[in-house]
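A.B. asks: One structure, as structure tokens, below. Some questions next.
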Amino acid sequence: MDYNYLANLLFPNVKETVEDVEKRFPARELPEGAKVTRFAPSPTGFVHFGGLFPVTVGERLAHQSGGVFFLRIEDTDDKREVEGAAEALIKVLAHYGINFDEGAILNDEGIVSDHGIYGPYKQSMRGDIYHVFAKKLVSEGLAYPCFSTAEELETLNAVDKKTEIKNKDWHIDAEKLKEEKLKARQFTIEEVEENVKAGNPFVLRILADGDPEKRVPFNDLIKGKLEIPENDEDFVLLKSDGIPTYHFAHAVDDHLMGTTHVIRGEEWLPSLAKHLMLFRYLNFKLPKYLHIAQLMRLDENGSKKKLSKRDMGANMEDYKRIGYAPECVMEYVMTLLNSNFEEWHTANPEKSYTDFPFSIKKMSTSGCLFDFGKLNDVSKNVICRWDAEKVYKYLVEWADEFDEEFASELKEDAEKAIKILAIGRGGKKPRKDFAVWSEVKDYMGFFYDKFFKICDQYPESFSHEDIKQTLTAFAQSYDSSDDMDTWFGKIKDIATSLGYAADMKEYKANPEAFKGNVADISMFIRVAVTGKMNAPDLYTVMQILGQNKVVERISDMIKNL
Ligand code: GLU
């Protein structure tokens, strides 16, 4: 068969050669060892927490090595594409401090546009480029057209989909595939000419030369040494609308864009044999691959399950709404990505995760376990080291979007809010009251009349009369200009005069001799003033609330009991 003739028949409008295209994408000039990585999402409108893993690894490897990190939008599946999804995705990543050097990124007007000379960075705009390589493969007898009826195409595509997606079903429908493959391969130039003339659609298939009984050794930088069965599937390169499949676009784009390290989810491992074949057929240098294990969660029975789209914690939008600070999420991602991160961070508490020497070798080969408890611990540890001004700024940003009422209180008296947030900050053992911004109102809302709720749920072991008596004595003696020692001295005096132990030792030695102890007195007052059993340092709380408010709340409680 005259393959050149066939190539011209199928691609009459493709005038450029592969050499021409290669010239448009010159090799990158980068320092020795610099890595070129990319994030290549499909704009489906859903940003999965798991997506932060490849993206963070890509960003770290590129920026740690003085390389380039770029964004390519893989929008070849228009059925899955959601309007505005690319913009939203870029914004979400920027929120987490992930920025790209190059690619389809936002311009000053917030519109996705190309930055860099290796574009277009949206696959839907690269049709002409794929067709040049497709034509070359046809002219070398390495790819062929498959004209089939819509129904036949559907069967073939279904087979493709199955073999692609299900790792364990690698050989599913192998017989059927073989049969279809042989049928599809048998055509004459005349038949092709006839079909082209009639305008019949075709898909372009690779002519696979692999023997699945044979295995190719392969070194994945995370998974280690693997044995990949050779590909014998004549998989689709161009769909009937001329749009490339992921496999074909991946090979062409990562080659032309100079990607040195392909970092992607392990769900692509079953497709690797196809990619090895494509790079070989196209004479491209194979990049290094890192297949990242999928994120797992524990189900009700304690067994590991993939963190799927519907699971709590999968959708990045939730993190924003719940109010996780991006720094906290990123630190958590780092603890999951590199087993030595936590140790490093304990030794370098003031440093950012971007100072950490990230290493591929320390990555887990199997799926990390996603755990909200751990995320919250990390988050509390991060936030407790921040100063009150920073906490205030983040909190207001969050509240502006998700709790306007709280935001307006916070903004009305910023100084007061910052004083509140400063309680227990600094020092060796800072308070760790909240992990997310949506917990803060519950923690400090009582400072504002609008959110304060009177609570008269005192422990039953104390009579209301006793509580009233104590509160009355305290209200009479309270003077907000007292220093802490004087203030506490007065509480102790009240304790002694009303039959409570002012000294804990004394109380423990003989509890029967007292109505309670000084901690109980503080609790009576705390509940009246804050509406809560647990609240930050009571002296400071009262200082912020001021004389009148303290006395007012205590009087209200006395009336209420
Ligand atoms: N578009 C593919 C995805 O979203 C990208 C895989 C890759 O990084 O190569 O899964």
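Here, A, B, ... name the chains of the structure tokens in the order displayed, residue numbers run from 1 inside each chain, and ligands are numbered from 1 in the same displayed order.
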Pick out the residues sitting within 10 Å of Asp232 (chain A), and hand them over as a list in words; count only C-alpha atoms, and ignore anything fewer than 5 positions along from it in its own chain.
C.D. replies: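 Residues meeting the cut-off are Ala174, Leu177, Lys178, Lys181, Ile206, Leu207, Ala208, Asp209, Gly210, Asp211, Pro212, Glu213, Ala273, Lys274 and Met277 of chain A.
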A.B. asks: Could the residues in this selection be saved with C-alpha atoms as a PDB file, in the first residue's frame?
C.D. replies:
```pdb
ATOM      1  CA  ALA A 174      -9.454  -9.456  24.022  1.00  0.00           C
ATOM      2  CA  LEU A 177     -10.896  -6.761  20.108  1.00  0.00           C
ATOM      3  CA  LYS A 178      -8.649  -8.970  18.014  1.00  0.00           C
ATOM      4  CA  LYS A 181      -8.901  -5.159  14.890  1.00  0.00           C
ATOM      5  CA  ILE A 206      -2.662   2.921  15.767  1.00  0.00           C
ATOM      6  CA  LEU A 207      -1.326  -0.273  14.216  1.00  0.00           C
ATOM      7  CA  ALA A 208      -0.208  -2.005  17.385  1.00  0.00           C
ATOM      8  CA  ASP A 209       2.818  -4.257  17.116  1.00  0.00           C
ATOM      9  CA  GLY A 210       2.888  -5.430  20.727  1.00  0.00           C
ATOM     10  CA  ASP A 211       2.589  -8.912  22.126  1.00  0.00           C
ATOM     11  CA  PRO A 212       0.791  -8.834  25.481  1.00  0.00           C
ATOM     12  CA  GLU A 213       2.601 -12.015  26.500  1.00  0.00           C
ATOM     13  CA  ALA A 273       1.787   0.568  27.440  1.00  0.00           C
ATOM     14  CA  LYS A 274      -0.053   2.677  24.895  1.00  0.00           C
ATOM     15  CA  MET A 277       4.203   2.640  22.052  1.00  0.00           C
TER      16      MET A 277
END
```
A.B. asks: Which residues come within 12 Å of Phe147 (chain A), counting only C-alpha atoms, excluding same-chain residues fewer than 6 positions away, as a PyMOL selection string?
C.D. replies: chain A and resi 10+153-154+156+180+183-188+191-196+198-205+239-240
A.B. asks: Enumerate residues in contact with ligand 1: an atom-to-atom distance of at most 7 Å, counting only C-alpha atoms and all ligand atoms. Format the result as a list in words.
C.D. replies: Phe39, Ala40, Pro41, Ser42, Glu74, Tyr246, His250, Val262, Ile263, Arg264 and Gly265 of chain A
A.B. asks: Suppose we keep N, CA and C atoms; can you now write the selection as a compact mmCIF listing (two decimals), in the first residue's frame?
C.D. replies:
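Produced file result.txt, reproduced below:
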```txt
# COMPACT_ATOMS: atom_id res chain seq x y z
N PHE A 39 0.59 20.55 34.96
CA PHE A 39 -0.67 20.04 35.46
C PHE A 39 -1.59 20.06 34.25
N ALA A 40 -2.29 18.96 34.04
CA ALA A 40 -3.04 18.82 32.78
C ALA A 40 -4.48 18.39 33.05
N PRO A 41 -5.23 19.24 33.72
CA PRO A 41 -6.59 18.84 34.09
C PRO A 41 -7.58 18.91 32.94
N SER A 42 -8.62 18.12 33.05
CA SER A 42 -9.76 18.24 32.14
C SER A 42 -10.74 19.17 32.85
N GLU A 74 -6.82 20.15 29.24
CA GLU A 74 -7.12 19.00 28.39
C GLU A 74 -8.63 18.94 28.13
N TYR A 246 -6.88 11.20 24.67
CA TYR A 246 -5.90 11.60 25.69
C TYR A 246 -4.52 11.07 25.36
N HIS A 250 -1.43 13.45 24.80
CA HIS A 250 -0.40 13.40 25.84
C HIS A 250 0.99 13.28 25.21
N VAL A 262 6.35 13.54 33.85
CA VAL A 262 4.89 13.47 33.78
C VAL A 262 4.41 12.98 35.15
N ILE A 263 3.65 13.83 35.83
CA ILE A 263 3.17 13.46 37.16
C ILE A 263 1.66 13.36 37.08
N ARG A 264 1.14 12.19 37.34
CA ARG A 264 -0.31 12.02 37.18
C ARG A 264 -0.78 10.88 38.09
N GLY A 265 -2.08 10.74 38.16
CA GLY A 265 -2.67 9.73 39.04
C GLY A 265 -2.38 8.32 38.53
```
A.B. asks: Find the residues of region 297-374 of chain A that sit at most 9 Å from region 422-444 of chain A; for each, write down the nearest two atoms and how far apart they are in Å, to one decimal. Count only C-alpha atoms. Sort by chain, then by number going up, and give it as JSON lines.
C.D. replies:
```
{"residue": "A:Tyr319", "atom": "CA", "partner": "A:Val436", "partner_atom": "CA", "distance": 9.0}
{"residue": "A:Arg321", "atom": "CA", "partner": "A:Ser438", "partner_atom": "CA", "distance": 8.0}
{"residue": "A:Ile322", "atom": "CA", "partner": "A:Ser438", "partner_atom": "CA", "distance": 5.6}
{"residue": "A:Gly323", "atom": "CA", "partner": "A:Trp437", "partner_atom": "CA", "distance": 4.5}
{"residue": "A:Tyr324", "atom": "CA", "partner": "A:Val436", "partner_atom": "CA", "distance": 4.9}
{"residue": "A:Ala325", "atom": "CA", "partner": "A:Val436", "partner_atom": "CA", "distance": 7.1}
{"residue": "A:Cys328", "atom": "CA", "partner": "A:Ala435", "partner_atom": "CA", "distance": 8.6}
```
A.B. asks: Can you write just those residues out, all heavy atoms, as a JSON list (two decimals), in the first residue's frame?
C.D. replies:
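Saved to out23.json:
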```json
[["chain", "number", "residue", "atom", "x", "y", "z"],
["A", 319, "TYR", "N", -13.71, 22.92, 51.19],
["A", 319, "TYR", "CA", -12.64, 23.41, 52.07],
["A", 319, "TYR", "C", -12.74, 24.92, 52.25],
["A", 319, "TYR", "O", -12.47, 25.46, 53.31],
["A", 319, "TYR", "CB", -11.27, 23.05, 51.50],
["A", 319, "TYR", "CG", -11.00, 21.57, 51.59],
["A", 319, "TYR", "CD1", -11.55, 20.69, 50.69],
["A", 319, "TYR", "CD2", -10.22, 21.07, 52.62],
["A", 319, "TYR", "CE1", -11.34, 19.34, 50.79],
["A", 319, "TYR", "CE2", -9.99, 19.72, 52.74],
["A", 319, "TYR", "CZ", -10.56, 18.85, 51.82],
["A", 319, "TYR", "OH", -10.35, 17.51, 51.94],
["A", 321, "ARG", "N", -15.53, 26.69, 51.90],
["A", 321, "ARG", "CA", -16.75, 27.00, 52.65],
["A", 321, "ARG", "C", -16.55, 26.73, 54.15],
["A", 321, "ARG", "O", -16.91, 27.53, 54.99],
["A", 321, "ARG", "CB", -17.90, 26.14, 52.09],
["A", 321, "ARG", "CG", -19.24, 26.43, 52.68],
["A", 321, "ARG", "CD", -20.34, 25.60, 52.02],
["A", 321, "ARG", "NE", -19.96, 24.22, 51.77],
["A", 321, "ARG", "CZ", -19.89, 23.27, 52.69],
["A", 321, "ARG", "NH1", -20.18, 23.54, 53.94],
["A", 321, "ARG", "NH2", -19.53, 22.03, 52.39],
["A", 322, "ILE", "N", -15.95, 25.58, 54.47],
["A", 322, "ILE", "CA", -15.72, 25.24, 55.88],
["A", 322, "ILE", "C", -14.69, 26.20, 56.49],
["A", 322, "ILE", "O", -14.68, 26.45, 57.67],
["A", 322, "ILE", "CB", -15.27, 23.77, 56.01],
["A", 322, "ILE", "CG1", -16.36, 22.83, 55.49],
["A", 322, "ILE", "CG2", -14.93, 23.41, 57.44],
["A", 322, "ILE", "CD1", -15.93, 21.39, 55.32],
["A", 323, "GLY", "N", -13.83, 26.73, 55.63],
["A", 323, "GLY", "CA", -12.89, 27.72, 56.11],
["A", 323, "GLY", "C", -11.53, 27.16, 56.51],
["A", 323, "GLY", "O", -11.00, 27.50, 57.56],
["A", 324, "TYR", "N", -10.99, 26.29, 55.67],
["A", 324, "TYR", "CA", -9.62, 25.84, 55.90],
["A", 324, "TYR", "C", -8.68, 26.87, 55.27],
["A", 324, "TYR", "O", -8.87, 27.25, 54.11],
["A", 324, "TYR", "CB", -9.37, 24.48, 55.25],
["A", 324, "TYR", "CG", -9.91, 23.33, 56.06],
["A", 324, "TYR", "CD1", -11.11, 22.74, 55.73],
["A", 324, "TYR", "CD2", -9.21, 22.88, 57.18],
["A", 324, "TYR", "CE1", -11.63, 21.71, 56.50],
["A", 324, "TYR", "CE2", -9.73, 21.84, 57.95],
["A", 324, "TYR", "CZ", -10.93, 21.26, 57.60],
["A", 324, "TYR", "OH", -11.43, 20.25, 58.37],
["A", 325, "ALA", "N", -7.71, 27.31, 56.02],
["A", 325, "ALA", "CA", -6.74, 28.25, 55.45],
["A", 325, "ALA", "C", -5.87, 27.46, 54.47],
["A", 325, "ALA", "O", -5.49, 26.32, 54.76],
["A", 325, "ALA", "CB", -5.88, 28.85, 56.56],
["A", 328, "CYS", "N", -2.81, 25.70, 55.73],
["A", 328, "CYS", "CA", -3.05, 24.51, 56.55],
["A", 328, "CYS", "C", -3.26, 23.30, 55.64],
["A", 328, "CYS", "O", -2.71, 22.22, 55.88],
["A", 328, "CYS", "CB", -4.28, 24.70, 57.42],
["A", 328, "CYS", "SG", -4.15, 26.15, 58.48]]
```
A.B. asks: May I have the residues within 8 Å of Tyr130 (chain A) as a list in words, using only C-alpha atoms and disregarding those fewer than 3 positions away in the same chain?
C.D. replies: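 Skipping anything fewer than 3 positions along the chain leaves Arg126, Gly127, Phe133, Ala134, Pro244, Phe248, Ala249 and Val252 of chain A.
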A.B. asks: Name the closest residue to Asp479 (chain A) among the candidates A:His48, A:Lys549, A:His115, A:Lys225; distances are taken between atoms, counting only C-alpha atoms.
C.D. replies: A:Lys549
A.B. asks: Might you pull out every residue within 10 Å of Glu327 (chain A), with only C-alpha atoms counted and same-chain residues fewer than 5 positions away left off, and present them as a PyMOL selection string?
C.D. replies: chain A and resi 95-97+332-333+352-353+378-379+382-383
A.B. asks: Pick from A:Glu397, A:Asp493, A:Asp371, A:Glu412: nearest to Thr335 (chain A), with only C-alpha atoms counted?
C.D. replies: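 The answer is A:Asp371, which sits nearest to Thr335 (chain A).
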A.B. asks: I need the residues in region 317-556 of chain A that are helix (DSSP H, G or I) according to DSSP; give them as a VMD selection string.
C.D. replies: chain A and resid 317 to 322 326 to 337 341 to 347 353 to 355 360 to 362 372 to 383 388 to 402 404 to 412 414 to 422 437 to 447 464 to 477 484 to 497 504 to 509 511 to 513 518 to 530 538 to 545 547 to 556
A.B. asks: What is the distance between CA of Val216 (chain A) and CA of Ile228 (chain A), in Å to one decimal?
C.D. replies: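 According to the coordinates, CA of Val216 (chain A) and CA of Ile228 (chain A) are separated by 5.0 Å.
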A.B. asks: Would you please work out which residue, of A:Gly531, A:Leu290, A:Glu401, A:His255, is nearest to Trp268 (chain A) when using only C-alpha atoms?
C.D. replies: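 Looking only at the distances to Trp268 (chain A), the closest residue turns out to be A:Leu290.
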A.B. asks: What's the separation between CA of Pro120 (chain A) and CA of Gly58 (chain A), in Å to one decimal place?
C.D. replies: 20.2 Å
A.B. asks: Have a look at A:Lys361, A:Met330, A:Glu350, A:Ala104 and name the one nearest to Gly224 (chain A); count only C-alpha atoms.
C.D. replies: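 Of A:Lys361, A:Met330, A:Glu350, A:Ala104, the one nearest Gly224 (chain A), counting only C-alpha atoms, is A:Lys361.
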A.B. asks: Closest to Lys135 (chain A) among A:Thr530, A:Gln543, A:Asn283, A:Asn4, using only C-alpha atoms?
C.D. replies: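 Closest to Lys135 (chain A), using only C-alpha atoms: A:Asn4.
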A.B. asks: In terms of the shortest atom-to-atom distance over only C-alpha atoms, which of A:Ile292, A:Met1, A:Ala34, A:Ile73 is closest to Ser124 (chain A)?
C.D. replies: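 Residue with the minimum atom-to-atom distance to Ser124 (chain A): A:Ile73.
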A.B. asks: Any idea what the distance is between CA of Met125 (chain A) and CA of Thr76 (chain A)?
C.D. replies: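 So the two atoms, CA of Met125 (chain A) and CA of Thr76 (chain A), lie 9.5 Å apart.
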A.B. asks: Write down as a ChimeraX atom specification the residues of region 103-273 of chain A whose backbone DSSP state falls under strand (DSSP E or B).
C.D. replies: /A:103-106,112-115,122,143-147,202-206,215-220,224-229,236-238,244,261-265
A.B. asks: Within 9 Å of Leu137 (chain A), counting only C-alpha atoms, which residues qualify if same-chain residues fewer than 3 places away don't, as a list of chain:residue names?
C.D. replies: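 Residues near the query, excluding close chain neighbours: A:Ala7, A:Val132, A:Phe133, A:Ala134, A:Glu140, A:Gly141, A:Leu142, A:Ala143, A:Tyr144, A:Ile206, A:Tyr281, A:Leu282.
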A.B. asks: Pull N, CA and C atoms from the residues just selected and write them as a PDB file, in the first residue's frame.
C.D. replies:
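Saved file selection-v1.pdb follows:
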```pdb
ATOM      1  N   ALA A   7      -2.028   8.866   3.411  1.00  0.00           N
ATOM      2  CA  ALA A   7      -1.927  10.009   4.338  1.00  0.00           C
ATOM      3  C   ALA A   7      -2.512  11.265   3.698  1.00  0.00           C
ATOM      4  N   VAL A 132      -0.778  16.870  12.070  1.00  0.00           N
ATOM      5  CA  VAL A 132       0.524  16.713  11.404  1.00  0.00           C
ATOM      6  C   VAL A 132       1.166  15.384  11.835  1.00  0.00           C
ATOM      7  N   PHE A 133       1.111  15.116  13.131  1.00  0.00           N
ATOM      8  CA  PHE A 133       1.721  13.874  13.624  1.00  0.00           C
ATOM      9  C   PHE A 133       0.904  12.646  13.210  1.00  0.00           C
ATOM     10  N   ALA A 134      -0.407  12.846  13.160  1.00  0.00           N
ATOM     11  CA  ALA A 134      -1.273  11.731  12.747  1.00  0.00           C
ATOM     12  C   ALA A 134      -0.950  11.378  11.290  1.00  0.00           C
ATOM     13  N   GLU A 140       3.766   6.442   7.508  1.00  0.00           N
ATOM     14  CA  GLU A 140       4.753   5.405   7.835  1.00  0.00           C
ATOM     15  C   GLU A 140       4.102   4.042   8.052  1.00  0.00           C
ATOM     16  N   GLY A 141       2.805   3.975   7.793  1.00  0.00           N
ATOM     17  CA  GLY A 141       2.096   2.701   7.950  1.00  0.00           C
ATOM     18  C   GLY A 141       1.894   2.323   9.407  1.00  0.00           C
ATOM     19  N   LEU A 142       1.942   3.310  10.310  1.00  0.00           N
ATOM     20  CA  LEU A 142       1.816   3.010  11.741  1.00  0.00           C
ATOM     21  C   LEU A 142       0.431   3.337  12.300  1.00  0.00           C
ATOM     22  N   ALA A 143      -0.383   3.952  11.453  1.00  0.00           N
ATOM     23  CA  ALA A 143      -1.758   4.245  11.872  1.00  0.00           C
ATOM     24  C   ALA A 143      -2.647   4.095  10.656  1.00  0.00           C
ATOM     25  N   TYR A 144      -3.907   3.785  10.891  1.00  0.00           N
ATOM     26  CA  TYR A 144      -4.795   3.557   9.756  1.00  0.00           C
ATOM     27  C   TYR A 144      -6.211   4.034  10.077  1.00  0.00           C
ATOM     28  N   ILE A 206      -4.076   3.266  15.828  1.00  0.00           N
ATOM     29  CA  ILE A 206      -2.662   2.921  15.767  1.00  0.00           C
ATOM     30  C   ILE A 206      -2.565   1.463  15.308  1.00  0.00           C
ATOM     31  N   TYR A 281       6.825   5.010  18.440  1.00  0.00           N
ATOM     32  CA  TYR A 281       6.406   5.202  17.045  1.00  0.00           C
ATOM     33  C   TYR A 281       6.742   6.618  16.556  1.00  0.00           C
ATOM     34  N   LEU A 282       6.570   7.575  17.489  1.00  0.00           N
ATOM     35  CA  LEU A 282       6.752   8.979  17.083  1.00  0.00           C
ATOM     36  C   LEU A 282       8.197   9.445  17.229  1.00  0.00           C
TER      37      LEU A 282
END
```
